[in-house]
$ cat protein-v5.txt   # compact mmCIF, C-alpha atoms
# COMPACT_ATOMS: atom_id res chain seq x y z
CA MET A 1 108.21 106.30 72.95
CA GLN A 2 105.03 108.25 73.63
CA ASP A 3 103.09 105.89 71.40
CA LEU A 4 104.56 102.87 73.11
CA LEU A 5 103.62 104.22 76.55
CA PHE A 6 100.13 105.06 75.34
CA TYR A 7 99.51 101.56 74.05
CA PHE A 8 101.03 100.06 77.19
CA PHE A 9 98.71 101.98 79.50
CA ALA A 10 95.71 101.59 77.21
CA VAL A 11 96.09 97.81 76.99
CA LEU A 12 96.61 97.57 80.76
CA THR A 13 93.52 99.68 81.42
CA LEU A 14 91.38 97.55 79.14
CA ILE A 15 92.70 94.22 80.45
CA PHE A 16 92.18 95.17 84.08
CA GLY A 17 88.78 96.65 83.28
CA PHE A 18 87.81 93.40 81.60
CA LEU A 19 89.04 91.44 84.63
CA VAL A 20 86.90 93.65 86.92
CA VAL A 21 83.78 92.56 85.07
CA VAL A 22 84.60 88.95 84.25
CA ASN A 23 86.74 88.16 87.30
CA PRO A 24 87.70 84.61 86.35
CA PHE A 25 89.73 83.87 89.48
CA THR A 26 87.26 84.18 92.34
CA ARG A 27 83.70 85.31 92.70
CA SER A 28 84.62 87.63 95.52
CA PRO A 29 83.91 91.34 94.94
CA VAL A 30 87.21 92.14 96.70
CA THR A 31 89.11 90.88 93.67
CA SER A 32 87.00 93.02 91.38
CA ALA A 33 87.69 96.09 93.51
CA MET A 34 91.42 95.35 93.42
CA PHE A 35 91.38 95.02 89.65
CA LEU A 36 89.56 98.35 89.53
CA VAL A 37 92.48 99.86 91.46
CA LEU A 38 94.92 98.56 88.85
CA SER A 39 92.72 99.79 86.01
CA ILE A 40 92.50 103.25 87.58
CA ILE A 41 96.25 103.45 88.14
CA SER A 42 96.96 102.61 84.51
CA MET A 43 94.38 105.17 83.49
CA SER A 44 96.18 107.82 85.50
CA GLY A 45 99.21 106.93 83.38
CA LEU A 46 97.08 107.95 80.39
CA PHE A 47 96.27 111.22 82.17
CA VAL A 48 100.00 111.87 82.50
CA MET A 49 100.38 111.21 78.77
CA LEU A 50 97.75 113.90 78.21
CA HIS A 51 99.70 116.38 80.39
CA ALA A 52 97.03 116.42 83.11
CA PHE A 53 99.48 115.76 85.92
CA PHE A 54 97.35 117.10 88.76
CA LEU A 55 94.38 115.03 87.68
CA ALA A 56 96.55 111.92 87.49
CA ALA A 57 97.52 112.45 91.13
CA ILE A 58 93.91 113.17 92.09
CA GLN A 59 92.78 110.06 90.25
CA ILE A 60 95.11 107.87 92.28
CA LEU A 61 94.40 109.65 95.58
CA VAL A 62 90.64 109.91 95.32
CA TYR A 63 89.72 106.79 93.37
CA SER A 64 92.21 104.16 94.34
CA GLY A 65 92.74 105.81 97.73
CA ALA A 66 89.33 106.84 98.98
CA VAL A 67 86.60 105.32 96.84
CA ILE A 68 88.05 101.83 96.62
CA VAL A 69 88.75 101.78 100.36
CA LEU A 70 85.08 102.65 100.83
CA PHE A 71 84.10 99.78 98.55
CA LEU A 72 86.39 97.37 100.39
CA PHE A 73 85.06 98.44 103.77
CA VAL A 74 81.48 97.85 102.66
CA ILE A 75 82.32 94.48 101.08
CA MET A 76 84.05 93.34 104.23
CA LEU A 77 81.32 94.67 106.52
CA MET A 78 78.77 92.59 104.70
CA ASP A 79 80.41 89.28 105.53
CA LEU A 80 79.50 87.72 102.21
CA LYS A 81 79.98 84.04 101.95
CA GLU A 82 82.03 82.81 99.05
CA GLU A 83 79.28 82.49 96.51
CA ALA A 84 78.97 79.58 94.23
CA ARG A 85 79.96 80.41 90.67
CA SER A 86 76.77 82.05 89.58
CA THR A 87 75.08 80.50 86.63
CA PHE A 88 74.38 83.31 84.23
CA GLN A 89 70.88 83.10 82.98
CA GLY A 90 71.23 82.77 79.23
CA ILE A 91 68.58 85.25 78.19
CA ARG A 92 69.85 87.94 80.55
CA LEU A 93 73.44 87.50 79.37
CA THR A 94 72.46 87.51 75.71
CA PHE A 95 70.30 90.57 76.07
CA SER A 96 72.94 92.47 78.06
CA LEU A 97 75.71 91.68 75.60
CA LEU A 98 73.44 92.59 72.70
CA LEU A 99 72.61 95.94 74.30
CA ALA A 100 76.25 96.72 75.11
CA GLY A 101 77.35 95.67 71.63
CA LEU A 102 74.71 97.85 70.03
CA PHE A 103 75.81 100.78 72.17
CA ALA A 104 79.46 100.13 71.28
CA THR A 105 78.60 100.04 67.59
CA VAL A 106 76.81 103.36 67.78
CA LEU A 107 79.63 104.98 69.78
CA ILE A 108 82.39 103.69 67.50
CA GLY A 109 80.42 104.80 64.46
CA VAL A 110 80.07 108.30 65.89
CA VAL A 111 83.77 108.47 66.80
CA LEU A 112 84.92 107.28 63.41
CA THR A 113 82.65 109.54 61.40
CA SER A 114 83.04 112.70 63.47
CA GLY A 115 86.46 113.40 61.94
CA LEU A 116 87.93 114.83 65.14
CA GLY A 117 91.13 112.82 64.93
CA ALA A 118 93.08 114.93 62.49
CA GLU A 119 94.10 117.79 64.74
CA PRO A 120 97.71 117.96 65.93
CA VAL A 121 98.66 117.95 69.57
CA VAL A 122 98.73 121.40 71.11
CA LEU A 123 101.99 121.60 73.00
CA THR A 124 101.69 125.17 74.19
CA LEU A 125 100.98 124.44 77.82
CA GLU A 126 102.32 122.16 80.45
CA GLY A 127 100.26 120.57 83.18
CA SER A 128 99.54 123.79 84.95
CA THR A 129 98.39 123.06 88.47
CA ALA A 130 98.92 126.66 89.61
CA VAL A 131 96.73 127.99 86.81
CA LEU A 132 94.16 125.33 87.55
CA GLY A 133 93.95 126.40 91.19
CA GLU A 134 93.75 130.04 90.22
CA ARG A 135 90.84 129.32 87.84
CA LEU A 136 89.13 127.09 90.36
CA PHE A 137 89.06 129.76 93.05
CA ASN A 138 88.23 132.70 90.82
CA ALA A 139 86.16 131.92 87.75
CA TYR A 140 84.72 128.64 89.03
CA ILE A 141 84.23 129.58 92.66
CA ILE A 142 80.43 129.20 92.62
CA PRO A 143 80.40 125.65 91.19
CA PHE A 144 83.15 124.83 93.65
CA GLU A 145 81.06 126.00 96.60
CA ILE A 146 77.99 124.18 95.28
CA LEU A 147 80.13 121.05 95.04
CA SER A 148 81.20 121.37 98.66
CA VAL A 149 77.54 121.70 99.67
CA LEU A 150 76.80 118.59 97.59
CA LEU A 151 79.50 116.66 99.42
CA LEU A 152 78.12 117.81 102.77
CA VAL A 153 74.60 116.75 101.77
CA GLY A 154 75.96 113.42 100.57
CA MET A 155 77.74 112.88 103.86
CA VAL A 156 74.64 113.63 105.92
CA GLY A 157 72.59 111.38 103.64
CA VAL A 158 75.04 108.51 103.99
CA VAL A 159 75.04 108.77 107.79
CA LEU A 160 71.24 108.86 107.81
CA LEU A 161 70.88 105.95 105.37
CA SER A 162 73.24 103.64 107.20
CA LYS A 163 71.61 104.15 110.59
CA LYS A 164 70.01 101.08 112.00
CA ASN A 165 66.39 102.25 112.05
CA LEU A 166 65.43 105.09 109.80
CA ASN A 167 62.75 106.60 112.02
CA MET B 1 101.12 109.40 66.86
CA THR B 2 98.15 109.05 69.12
CA THR B 3 95.22 111.11 67.99
CA LEU B 4 92.06 112.21 69.73
CA GLN B 5 90.26 109.43 67.92
CA THR B 6 92.45 106.78 69.56
CA TYR B 7 91.62 108.13 72.99
CA GLN B 8 87.95 108.28 72.13
CA LEU B 9 87.95 104.68 70.95
CA LEU B 10 89.71 103.64 74.16
CA ALA B 11 87.18 105.54 76.27
CA CYS B 12 84.39 103.95 74.27
CA ALA B 13 85.76 100.45 74.87
CA LEU B 14 86.13 101.15 78.59
CA PHE B 15 82.61 102.57 78.80
CA CYS B 16 81.18 99.50 77.12
CA ILE B 17 83.09 97.18 79.45
CA GLY B 18 81.62 99.08 82.40
CA LEU B 19 78.16 98.96 80.86
CA THR B 20 78.42 95.22 80.32
CA GLY B 21 79.52 94.80 83.93
CA ALA B 22 76.60 96.84 85.21
CA LEU B 23 74.15 94.86 83.07
CA VAL B 24 75.47 91.31 83.38
CA ARG B 25 76.57 90.99 87.00
CA ARG B 26 74.00 90.64 89.73
CA ASN B 27 76.06 91.66 92.72
CA ALA B 28 75.01 95.21 93.60
CA ILE B 29 78.57 96.19 94.48
CA ILE B 30 79.90 95.04 91.11
CA ILE B 31 77.15 97.06 89.44
CA LEU B 32 78.40 100.16 91.30
CA ILE B 33 81.96 99.33 90.23
CA GLY B 34 80.77 99.13 86.62
CA ILE B 35 79.19 102.56 86.97
CA GLU B 36 82.49 103.89 88.33
CA MET B 37 84.25 102.51 85.26
CA MET B 38 81.76 104.25 83.00
CA LEU B 39 82.40 107.53 84.82
CA ASN B 40 86.14 106.98 84.42
CA ALA B 41 85.75 106.47 80.68
CA ALA B 42 83.82 109.74 80.47
CA ASN B 43 86.61 111.48 82.41
CA LEU B 44 89.22 110.14 80.00
CA ASN B 45 87.16 111.45 77.13
CA PHE B 46 86.94 114.88 78.75
CA ILE B 47 90.71 115.06 79.30
CA ALA B 48 91.49 113.96 75.75
CA SER B 49 89.04 116.47 74.29
CA TRP B 50 90.54 119.20 76.46
CA ARG B 51 94.06 118.32 75.38
CA TYR B 52 93.31 118.13 71.67
CA GLY B 53 90.68 120.84 71.70
CA PRO B 54 90.95 124.31 70.22
CA ASN B 55 91.59 126.17 73.47
CA PRO B 56 93.43 124.10 76.10
CA GLU B 57 94.54 127.20 78.00
CA ALA B 58 90.98 127.66 79.27
CA LEU B 59 91.41 124.42 81.31
CA GLN B 60 87.69 123.71 81.09
CA GLY B 61 88.12 119.99 80.55
CA MET B 62 90.34 119.64 83.61
CA ILE B 63 87.95 121.59 85.81
CA PHE B 64 85.02 119.53 84.57
CA VAL B 65 86.88 116.34 85.41
CA LEU B 66 87.74 117.64 88.89
CA PHE B 67 84.05 118.26 89.56
CA SER B 68 83.11 114.94 88.02
CA ILE B 69 85.54 113.05 90.28
CA ALA B 70 84.06 114.75 93.35
CA VAL B 71 80.50 113.97 92.25
CA ALA B 72 81.51 110.36 91.54
CA GLY B 73 82.89 110.10 95.07
CA ALA B 74 79.62 111.36 96.54
CA GLU B 75 77.66 109.04 94.25
CA SER B 76 79.56 105.93 95.26
CA ALA B 77 79.25 106.81 98.96
CA VAL B 78 75.49 107.23 98.70
CA GLY B 79 75.17 104.10 96.57
CA LEU B 80 77.10 102.02 99.06
CA ALA B 81 74.99 103.37 101.93
CA LEU B 82 71.88 102.34 100.02
CA ILE B 83 73.35 98.88 99.46
CA ILE B 84 74.06 98.59 103.19
CA ALA B 85 70.49 99.64 104.01
CA ILE B 86 69.07 97.08 101.54
CA TYR B 87 71.48 94.42 102.77
CA ARG B 88 70.12 94.81 106.30
CA TYR B 89 66.69 93.88 105.02
CA TYR B 90 67.41 91.13 102.50
CA ARG B 91 70.69 89.76 103.88
CA ASN B 92 72.28 89.50 100.46
CA THR B 93 73.51 91.69 97.62
CA LYS B 94 72.02 89.98 94.59
CA VAL B 95 69.88 92.53 92.82
CA ASP B 96 67.50 90.00 91.32
CA GLN B 97 66.38 88.99 94.78
CA TYR B 98 65.27 92.47 95.73
CA HIS B 99 61.62 91.98 94.88
CA SER B 100 59.56 93.92 97.39
CA MET B 101 58.61 96.57 94.85
CA LYS B 102 57.06 93.92 92.61
CA GLU B 103 54.65 92.71 95.29

$ encode --input "protein-v5.txt" --output "structure tokens"
Amino acid sequence: MQDLLFYFFAVLTLIFGFLVVVNPFTRSPVTSAMFLVLSIISMSGLFVMLHAFFLAAIQILVYSGAVIVLFLFVIMLMDLKEEARSTFQGIRLTFSLLLAGLFATVLIGVVLTSGLGAEPVVLTLEGSTAVLGERLFNAYIIPFEILSVLLLVGMVGVVLLSKKNLN
Amino acid sequence: MTTLQTYQLLACALFCIGLTGALVRRNAIIILIGIEMMLNAANLNFIASWRYGPNPEALQGMIFVLFSIAVAGAESAVGLALIIAIYRYYRNTKVDQYHSMKE
């Protein structure tokens, strides 16, 4: 059952991820963003399979809730005309695919030769949100505060960047 | 029986799909979406390594992914603001038509 669910979510994640990039139905970025939502939701299913329940919820809330809404807002603000099906320049496409394929080969080679796949599943802990919160606010409090400063800086930067005239 | 290797291969495939998207497409927004997919693949890898790792009670993988999700949110917000600022100037989102740095 676990295996079946894993392959179900994995195949869904890959198919929707592929559709994000290729997007054979329309050329509109809205469709790509929507496929990204589906890909992220199936990936949060994988997080549940890995007993990271809190992160699965966060993945759905933050990514498909907040980030994708941001993307959709920007896409719709821009008032893009339906673009003609872009003609991929051959040399660019070839070079990109070559580069990605080379990278994939290296990564798969590393994964297959590292020999990390033999370990059994550790079933000693459940998805421990309470422990996670306790760690986050005790041992990891300084990175947490730095992260909140980063988000504040990002927010100020975004407001400044999207003003009409920068001076 | 799913092993760590299966998850790593899946994350690798997802990363390469995102990389291809960021390289092939010319719409700046799709490039950002490809980068988000690459970040997601890295997150999946972190979770799998945490789960199958020697010491899952330390929760380091989960905490790293929490931070990484927050940083990815900030990154996409700043990236989209940059795209809006560039769009005001060029009136489109095709990256190969942003050429003012070449001149």

$ interface_residues --input "protein-v5.txt" --of "chain B" --to "chain A" --cutoff "8 Å" --atoms "only C-alpha atoms" --output "PyMOL selection string"
chain B and resi 1-6+8-10+12-14+16-21+23-25+29-30+33-34+37+44+47-48+51-52+56-57+59+62-63+65-67+69-71+73-78+80-82+84-85+87+92

$ atom_distance --input "protein-v5.txt" --atom1 "atom CA of B:Ile31" --atom2 "atom CA of B:Lys102"
20.6 Å

$ axis_aligned_box --input "protein-v5.txt" --around "stretch 64-71 of chain B" --padding-each-side "5 Å" --output "lines of an AutoDock Vina configuration file"
center_x = 84.1
center_y = 116.3
center_z = 89.0
size_x = 17.2
size_y = 16.5
size_z = 18.8

$ closest_residue --input "protein-v5.txt" --among "B:Phe46, B:Asn40, B:Phe64, B:Gly53" --to "A:Val37" --atoms "all atoms listed in the file"
B:Asn40

$ atom_distance --input "protein-v5.txt" --atom1 "atom CA of A:Leu38" --atom2 "atom CA of A:Leu61"
13.0 Å

$ atom_distance --input "protein-v5.txt" --atom1 "atom CA of B:Gly61" --atom2 "atom CA of B:Asn43"
8.8 Å

$ closest_residue --input "protein-v5.txt" --among "B:Ala22, B:Ala41, B:Ala72, B:Ala28" --to "B:Gln97" --atoms "all atoms listed in the file"
B:Ala28

$ decode --input "protein-v5.txt" --residues "stretch 19-42 of chain A" --atoms "C-alpha atoms" --output "PDB file, in the first residue's frame"
ATOM      1  CA  LEU A  19       3.322  19.937 -17.784  1.00  0.00           C
ATOM      2  CA  VAL A  20       4.506  23.102 -15.978  1.00  0.00           C
ATOM      3  CA  VAL A  21       7.516  23.296 -18.261  1.00  0.00           C
ATOM      4  CA  VAL A  22       6.080  22.034 -21.530  1.00  0.00           C
ATOM      5  CA  ASN A  23       2.520  23.330 -21.111  1.00  0.00           C
ATOM      6  CA  PRO A  24       1.055  21.888 -24.306  1.00  0.00           C
ATOM      7  CA  PHE A  25      -2.445  23.305 -23.848  1.00  0.00           C
ATOM      8  CA  THR A  26      -1.968  27.068 -23.820  1.00  0.00           C
ATOM      9  CA  ARG A  27       0.968  29.406 -23.787  1.00  0.00           C
ATOM     10  CA  SER A  28      -0.448  31.297 -20.854  1.00  0.00           C
ATOM     11  CA  PRO A  29       1.694  31.343 -17.690  1.00  0.00           C
ATOM     12  CA  VAL A  30      -1.511  30.965 -15.641  1.00  0.00           C
ATOM     13  CA  THR A  31      -1.779  27.346 -16.753  1.00  0.00           C
ATOM     14  CA  SER A  32       1.811  26.711 -15.776  1.00  0.00           C
ATOM     15  CA  ALA A  33       1.202  28.185 -12.329  1.00  0.00           C
ATOM     16  CA  MET A  34      -1.874  25.994 -11.909  1.00  0.00           C
ATOM     17  CA  PHE A  35       0.072  22.886 -12.863  1.00  0.00           C
ATOM     18  CA  LEU A  36       2.688  23.923 -10.319  1.00  0.00           C
ATOM     19  CA  VAL A  37      -0.076  23.926  -7.682  1.00  0.00           C
ATOM     20  CA  LEU A  38      -0.999  20.353  -8.603  1.00  0.00           C
ATOM     21  CA  SER A  39       2.643  19.284  -8.597  1.00  0.00           C
ATOM     22  CA  ILE A  40       3.167  20.815  -5.164  1.00  0.00           C
ATOM     23  CA  ILE A  41       0.057  19.177  -3.735  1.00  0.00           C
ATOM     24  CA  SER A  42       1.171  15.752  -4.924  1.00  0.00           C
TER      25      SER A  42
END
